[in-house]
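Q: Sharing model.txt, compact mmCIF, C-alpha atoms and all ligand atoms:
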```
# COMPACT_ATOMS: atom_id res chain seq x y z
CA MET A 5 70.30 -35.26 8.57
CA GLN A 6 69.76 -34.25 12.19
CA GLY A 7 66.84 -35.75 14.00
CA TYR A 8 65.09 -36.45 17.26
CA THR A 9 62.80 -39.02 18.85
CA VAL A 10 59.41 -38.35 20.42
CA ASP A 11 56.77 -40.26 22.32
CA ALA A 12 53.67 -38.87 20.65
CA ILE A 13 49.95 -39.26 19.96
CA VAL A 14 48.41 -38.62 16.53
CA LEU A 15 45.98 -35.68 16.65
CA GLY A 16 45.22 -35.38 12.94
CA ARG A 17 46.40 -35.98 9.41
CA SER A 18 45.93 -34.34 6.06
CA ASN A 19 47.07 -35.02 2.51
CA LEU A 20 50.13 -33.23 1.21
CA GLY A 21 49.95 -33.71 -2.52
CA GLU A 22 49.16 -37.15 -3.92
CA ARG A 23 51.70 -39.27 -2.11
CA ASP A 24 52.54 -37.61 1.18
CA ARG A 25 50.74 -36.74 4.33
CA LEU A 26 51.15 -34.15 7.03
CA VAL A 27 50.61 -35.50 10.54
CA THR A 28 49.96 -33.41 13.65
CA LEU A 29 51.08 -34.92 16.94
CA ILE A 30 51.24 -34.05 20.58
CA SER A 31 54.52 -35.23 22.03
CA ARG A 32 55.41 -35.73 25.64
CA ASP A 33 58.54 -33.58 25.54
CA ARG A 34 58.16 -31.09 22.69
CA GLY A 35 54.51 -30.09 22.61
CA LYS A 36 52.91 -30.08 19.19
CA VAL A 37 54.87 -31.57 16.32
CA ARG A 38 53.95 -31.38 12.65
CA ALA A 39 55.73 -33.73 10.30
CA VAL A 40 55.72 -34.81 6.68
CA VAL A 41 55.18 -38.51 6.12
CA ARG A 42 56.64 -39.22 2.70
CA GLY A 43 54.83 -41.81 0.63
CA ALA A 44 52.17 -42.34 3.31
CA ASN A 45 49.44 -42.63 0.68
CA LYS A 46 51.17 -45.48 -1.14
CA THR A 47 49.64 -48.89 -0.45
CA ASN A 48 52.86 -50.49 0.77
CA SER A 49 53.90 -47.59 3.01
CA LYS A 50 55.47 -48.75 6.27
CA LEU A 51 55.19 -45.25 7.72
CA ALA A 52 51.39 -45.12 7.21
CA GLY A 53 50.94 -47.67 9.99
CA LEU A 54 52.66 -45.29 12.42
CA ILE A 55 50.18 -42.47 11.93
CA GLN A 56 46.84 -44.18 12.50
CA PRO A 57 44.40 -41.74 14.14
CA PHE A 58 44.81 -41.43 17.93
CA SER A 59 47.63 -44.01 18.10
CA ARG A 60 50.65 -43.48 20.35
CA SER A 61 54.09 -44.25 19.02
CA ARG A 62 57.79 -43.72 19.54
CA LEU A 63 58.76 -41.83 16.41
CA ASP A 64 62.12 -40.94 14.91
CA LEU A 65 61.95 -37.69 12.98
CA TRP A 66 64.35 -35.72 10.83
CA SER A 67 64.54 -31.95 11.19
CA GLY A 68 63.98 -29.96 8.04
CA ARG A 69 64.34 -26.27 7.35
CA SER A 70 60.60 -25.56 7.26
CA LEU A 71 59.08 -28.90 8.21
CA ASP A 72 60.21 -32.02 10.01
CA GLY A 73 59.55 -35.50 8.70
CA LEU A 74 58.91 -39.02 9.92
CA ARG A 75 61.80 -41.44 9.45
CA SER A 76 60.74 -44.55 11.37
CA GLY A 77 59.08 -45.60 14.59
CA GLU A 78 57.25 -48.15 16.64
CA VAL A 79 53.60 -48.20 17.68
CA LEU A 80 53.27 -48.31 21.48
CA GLU A 81 49.46 -48.18 21.82
CA SER A 82 47.25 -48.45 18.74
CA PHE A 83 43.93 -47.79 20.57
CA ARG A 84 42.27 -50.12 18.10
CA ARG A 85 39.05 -50.45 20.05
CA LEU A 86 38.55 -46.72 20.39
CA ARG A 87 39.22 -46.27 16.67
CA THR A 88 36.62 -48.79 15.59
CA ASP A 89 33.56 -47.58 17.44
CA PHE A 90 31.63 -44.48 16.41
CA ASP A 91 31.22 -43.04 19.90
CA GLY A 92 34.91 -43.56 20.56
CA ILE A 93 35.90 -41.79 17.35
CA ALA A 94 33.51 -38.91 18.06
CA TYR A 95 34.85 -38.27 21.56
CA ALA A 96 38.49 -38.90 20.62
CA SER A 97 38.18 -36.49 17.67
CA CYS A 98 36.83 -33.76 19.91
CA MET A 99 39.58 -34.28 22.50
CA ALA A 100 42.28 -34.40 19.82
CA GLU A 101 40.99 -31.19 18.20
CA ILE A 102 41.00 -29.26 21.48
CA THR A 103 44.45 -30.62 22.36
CA GLY A 104 45.72 -29.44 18.97
CA TYR A 105 44.45 -25.91 19.63
CA ILE A 106 46.14 -25.72 23.04
CA ALA A 107 49.45 -27.44 22.33
CA GLN A 108 52.22 -25.22 20.98
CA GLU A 109 55.10 -26.31 18.80
CA GLY A 110 58.33 -26.66 20.76
CA GLU A 111 56.63 -26.03 24.10
CA LYS A 112 56.49 -29.05 26.38
CA ASP A 113 53.06 -29.50 27.95
CA GLU A 114 53.20 -32.83 29.74
CA PRO A 115 49.93 -32.36 31.72
CA LEU A 116 48.05 -31.91 28.44
CA TYR A 117 49.73 -34.93 26.87
CA LEU A 118 49.00 -37.06 29.94
CA LEU A 119 45.36 -35.92 30.08
CA LEU A 120 44.77 -37.00 26.50
CA LEU A 121 46.58 -40.30 27.06
CA THR A 122 44.59 -41.00 30.25
CA CYS A 123 41.31 -40.37 28.42
CA PHE A 124 42.23 -42.48 25.38
CA ARG A 125 43.23 -45.34 27.68
CA ALA A 126 39.94 -45.08 29.58
CA LEU A 127 37.96 -45.21 26.30
CA GLU A 128 40.07 -48.14 25.14
CA ARG A 129 39.27 -50.02 28.35
CA GLY A 130 35.60 -49.48 27.57
CA MET A 131 34.74 -46.77 30.10
CA ASP A 132 31.53 -44.88 29.26
CA HIS A 133 32.25 -42.16 26.66
CA VAL A 134 30.07 -39.59 28.42
CA ARG A 135 32.06 -40.02 31.63
CA VAL A 136 35.43 -39.74 29.89
CA GLY A 137 34.23 -36.79 27.80
CA ALA A 138 33.12 -34.79 30.83
CA PHE A 139 36.39 -35.56 32.62
CA PHE A 140 38.40 -34.34 29.64
CA CYS A 141 36.41 -31.13 29.17
CA VAL A 142 36.68 -30.15 32.84
CA ARG A 143 40.35 -31.13 33.17
CA VAL A 144 41.51 -29.47 29.97
CA ILE A 145 40.26 -26.16 31.37
CA LYS A 146 42.34 -26.82 34.48
CA VAL A 147 45.39 -27.64 32.34
CA LEU A 148 44.81 -24.41 30.43
CA GLY A 149 44.95 -22.57 33.77
CA VAL A 150 41.59 -20.86 33.40
CA PHE A 151 39.33 -22.95 35.63
CA PRO A 152 36.34 -20.75 36.57
CA VAL A 153 35.74 -19.58 40.15
CA LEU A 154 32.68 -21.58 41.22
CA ASP A 155 32.60 -21.21 45.01
CA GLN A 156 32.38 -17.43 45.41
CA CYS A 157 31.85 -14.27 43.40
CA VAL A 158 34.73 -13.87 40.95
CA VAL A 159 34.52 -10.08 41.20
CA CYS A 160 34.17 -9.30 44.93
CA GLY A 161 34.90 -12.68 46.56
CA GLY A 162 31.56 -12.59 48.36
CA PRO A 163 29.06 -15.43 48.65
CA VAL A 164 26.94 -16.36 45.64
CA ASP A 165 23.31 -17.35 45.62
CA ALA A 166 22.21 -20.74 44.27
CA GLY A 167 21.88 -20.61 40.50
CA ALA A 168 24.25 -17.64 40.10
CA PRO A 169 25.31 -17.37 36.46
CA LEU A 170 28.79 -18.20 35.20
CA ARG A 171 30.26 -15.21 33.37
CA PHE A 172 32.69 -16.54 30.77
CA SER A 173 34.35 -13.15 30.25
CA GLN A 174 35.00 -12.78 33.98
CA GLY A 175 35.93 -16.40 34.59
CA GLY A 176 33.49 -17.31 37.33
CA LEU A 177 30.20 -16.91 39.15
CA THR A 178 28.97 -13.44 40.00
CA CYS A 179 26.90 -12.35 42.99
CA ALA A 180 23.68 -10.37 42.61
CA ARG A 181 25.44 -7.07 43.40
CA CYS A 182 28.22 -7.53 40.85
CA ARG A 183 25.79 -8.85 38.24
CA ALA A 184 24.08 -5.51 38.11
CA SER A 185 26.87 -4.27 35.83
CA GLY A 186 25.27 -6.12 32.93
CA GLY A 187 25.63 -9.33 30.93
CA LEU A 188 23.68 -12.47 31.64
CA GLY A 189 26.14 -15.36 31.79
CA THR A 190 25.31 -19.05 31.69
CA LYS A 191 23.05 -20.60 34.31
CA ILE A 192 24.74 -23.31 36.35
CA SER A 193 23.26 -25.01 39.41
CA ALA A 194 25.16 -25.25 42.69
CA HIS A 195 25.07 -29.02 42.27
CA LEU A 196 26.84 -28.82 38.89
CA CYS A 197 29.41 -26.43 40.36
CA ARG A 198 30.33 -28.96 43.08
CA LEU A 199 30.44 -31.75 40.51
CA ALA A 200 32.78 -29.74 38.27
CA GLU A 201 35.08 -28.97 41.22
CA ASN A 202 35.13 -32.63 42.25
CA LEU A 203 35.93 -33.74 38.71
CA ARG A 204 38.68 -31.10 38.61
CA ASP A 205 40.30 -32.52 41.75
CA ILE A 206 39.92 -36.33 41.62
CA HIS A 207 42.74 -38.69 40.74
CA PRO A 208 42.13 -40.25 37.31
CA ARG A 209 41.94 -43.63 39.09
CA GLU A 210 38.76 -42.42 40.82
CA LEU A 211 36.95 -41.62 37.57
CA ALA A 212 35.41 -45.08 37.11
CA GLY A 213 33.73 -44.84 40.52
CA PHE A 214 32.87 -41.13 40.30
CA ARG A 215 29.21 -40.68 41.19
CA ALA A 216 27.33 -38.53 38.69
CA SER A 217 24.28 -38.98 36.50
CA ARG A 218 24.63 -39.19 32.72
CA GLU A 219 22.50 -36.06 32.44
CA ASP A 220 24.83 -34.08 34.71
CA LEU A 221 27.94 -35.31 32.91
CA LEU A 222 26.46 -34.26 29.56
CA ALA A 223 25.53 -30.85 30.99
CA LEU A 224 29.11 -30.37 32.26
CA THR A 225 30.53 -31.42 28.89
CA GLU A 226 28.31 -28.91 27.11
CA LEU A 227 29.15 -26.09 29.53
CA PHE A 228 32.90 -26.70 29.56
CA LEU A 229 33.01 -27.07 25.76
CA ASP A 230 31.33 -23.66 25.51
CA TYR A 231 33.86 -22.30 27.97
CA ALA A 232 36.78 -23.88 26.08
CA GLU A 233 35.55 -22.32 22.84
CA PHE A 234 35.31 -18.96 24.57
CA GLN A 235 38.82 -19.24 26.05
CA LEU A 236 40.40 -20.52 22.82
CA ASP A 237 38.36 -18.08 20.75
CA ARG A 238 37.50 -20.74 18.20
CA ARG A 239 34.82 -23.26 17.43
CA VAL A 240 35.49 -26.94 18.16
CA ASN A 241 34.33 -28.43 14.84
CA SER A 242 34.18 -32.08 15.91
CA ARG A 243 31.74 -31.09 18.62
CA SER A 244 29.03 -31.72 16.03
CA PHE A 245 29.83 -35.46 16.28
CA LEU A 246 28.85 -35.39 19.96
CA ASP A 247 25.58 -33.64 19.12
CA ILE A 248 24.71 -36.51 16.79
CA LEU A 249 25.20 -38.98 19.66
CA GLY A 250 22.83 -36.96 21.85
ZN ZN B 301 30.29 -9.95 43.78
```
Show me, as structure tokens, the structure contained in the file I just sent.
Ligand SMILES: [Zn+2]
A:
Amino acid sequence: MQGYTVDAIVLGRSNLGERDRLVTLISRDRGKVRAVVRGANKTNSKLAGLIQPFSRSRLDLWSGRSLDGLRSGEVLESFRRLRTDFDGIAYASCMAEITGYIAQEGEKDEPLYLLLLTCFRALERGMDHVRVGAFFCVRVIKVLGVFPVLDQCVVCGGPVDAGAPLRFSQGGLTCARCRASGGLGTKISAHLCRLAENLRDIHPRELAGFRASREDLLALTELFLDYAEFQLDRRVNSRSFLDILG
């Protein structure tokens, strides 16, 4: 049977009958991949170890007519630490869910893959979850190509007053004149706008030293999750885990 090899991260798994599982992955070269893992629910399954949540592996797959399947592989990064702490699981679940909504089967999206990998590695090293979460939420909007205009009016290009609302449907801040056309938008301070732009532009190496309060990072996470849900036109279910953390 024909096959292929991917470097991929596990986004999610579900049962497929009693014995098998269906795993959803984001691969470096082929975008989203969904594959059957035969016998994954059996206690002695060798393949089950390759599809631990959030782990990164080199996987050999066979190509089927309707679905592909996992043949063999090797774990490259198990992200054990991130998988064994509640905050880590909550944030990783949210990131994996959003990644799964954006990634398309057969469409390479290396920036998205690398963003998720960078964030998982940061969590694994023990970086603060709130910091990593805010970075992911801001950067995934950049990867999606819909980063909001935060330094001028999105409609007329004119200057905006402090505290101008962010209009999701228009993709940016609106000045007082253009606001008159209706719709409220979400309040965002000028300080948060600058913070979001800085987070959008920094090198991932700079994240550990990035100066921002926990409160501001949480506010950015909340705002950009709302914006992601608007852009993707769907609710991010695992967001409720983050709400529990507070
Ligand atoms: Zn305007």
Q: List as a list in words the protein and nucleic acid residues near Gly53 of chain A, meaning an atom at most 10 Å away when all atoms listed in the file are counted, but skip any in the same chain fewer than 5 places from it.
A: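 That gives Ala44, Asn48, Ser59, Gly77, Glu78, Val79 and Ser82 of chain A.
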Q: Go ahead and dump the residues you just picked, C-alpha atoms, as a CSV table (one decimal), keeping the file's coordinate frame.
A:
```csv
chain,number,residue,atom,x,y,z
A,44,ALA,CA,52.2,-42.3,3.3
A,48,ASN,CA,52.9,-50.5,0.8
A,59,SER,CA,47.6,-44.0,18.1
A,77,GLY,CA,59.1,-45.6,14.6
A,78,GLU,CA,57.2,-48.2,16.6
A,79,VAL,CA,53.6,-48.2,17.7
A,82,SER,CA,47.2,-48.4,18.7
```
Q: Counting only C-alpha atoms, what is within 12 Å of Thr47 of chain A, bar same-chain residues fewer than 4 positions away, as a list in words?
A: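 Returned residues: Arg23, Asp24, Gly43, Leu51, Ala52 and Gly53 of chain A.
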Q: Neighbours of Val14 of chain A within 12 Å (all atoms listed in the file; same-chain residues fewer than 2 positions away dropped), as a ChimeraX atom specification?
A: /A:10-12,16-18,26-32,36-39,52-63,79-83,87,96-97,99-101,103-104,117,120-121,124
Q: Which residue out of A:Glu201, A:Asp155, A:Glu114, A:Asp91 has the minimum interatomic distance to Met131 of chain A when all atoms listed in the file are used?
A: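 Selected residue with least distance to Met131 of chain A: A:Asp91.
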Q: May I ask for the distance between atom CA of Gly175 of chain A and atom CA of Ala223 of chain A, given in Å to one decimal place?
A: 18.2 Å
Q: Neighbours of ligand ZN 301 (chain B) within 8 Å, counting only C-alpha atoms and all ligand atoms, as a PyMOL selection string?
A: chain A and resi 156-164+178-183
Q: Rank A:Leu227, A:Leu222, A:Val150, A:Leu116 by their smallest atom-to-atom distance to Gly189 of chain A, using all atoms listed in the file, and report the top residue only.
A: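 Looking at the shortest contact to Gly189 of chain A, the residue is A:Leu227.
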Q: What's the separation between atom CA of Val134 of chain A and atom CA of Asn202 of chain A, in Å to one decimal place?
A: 16.3 Å
Q: Residues within 12 Å of Asp132 of chain A, please, as a list in words. Count all atoms listed in the file; anything in the same chain fewer than 4 positions from it doesn't count.
A: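 Once the nearby chain positions are removed, what remains is Leu86, Asp91, Gly92, Tyr95, Cys123, Phe124, Arg125, Ala126, Leu127, Glu128, Val136, Gly137, Ala138, Phe139, Leu211, Ala212, Gly213, Phe214, Ser217, Arg218, Leu221 and Leu222 of chain A.
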Q: Can you work out the spacing between atom CA of Lys191 of chain A and atom CA of Leu170 of chain A in Å, to one decimal?
A: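 Between atom CA of Lys191 of chain A and atom CA of Leu170 of chain A the gap works out to 6.3 Å.
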Q: Quick one: residues within 9 Å of Gln6 of chain A, only C-alpha atoms, excluding same-chain residues fewer than 6 positions away - as a list in words?
A: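 Close residues of Gln6 of chain A: Leu65, Trp66, Ser67 and Gly68 of chain A.
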Q: Quick one: axis-aligned box around all listed atoms of segment 151-158 of chain A, 4 Å on every side, centre and edge lengths in Å to one decimal, written as JSON.
A:
```
{"center_x": 35.6, "center_y": -18.4, "center_z": 40.5, "size_x": 15.5, "size_y": 17.1, "size_z": 17.8}
```
Q: Of the residues A:Leu154, A:Ile102, A:Leu236, A:Ile93, which is the one nearest to Leu249 of chain A, using only C-alpha atoms?
A: A:Ile93
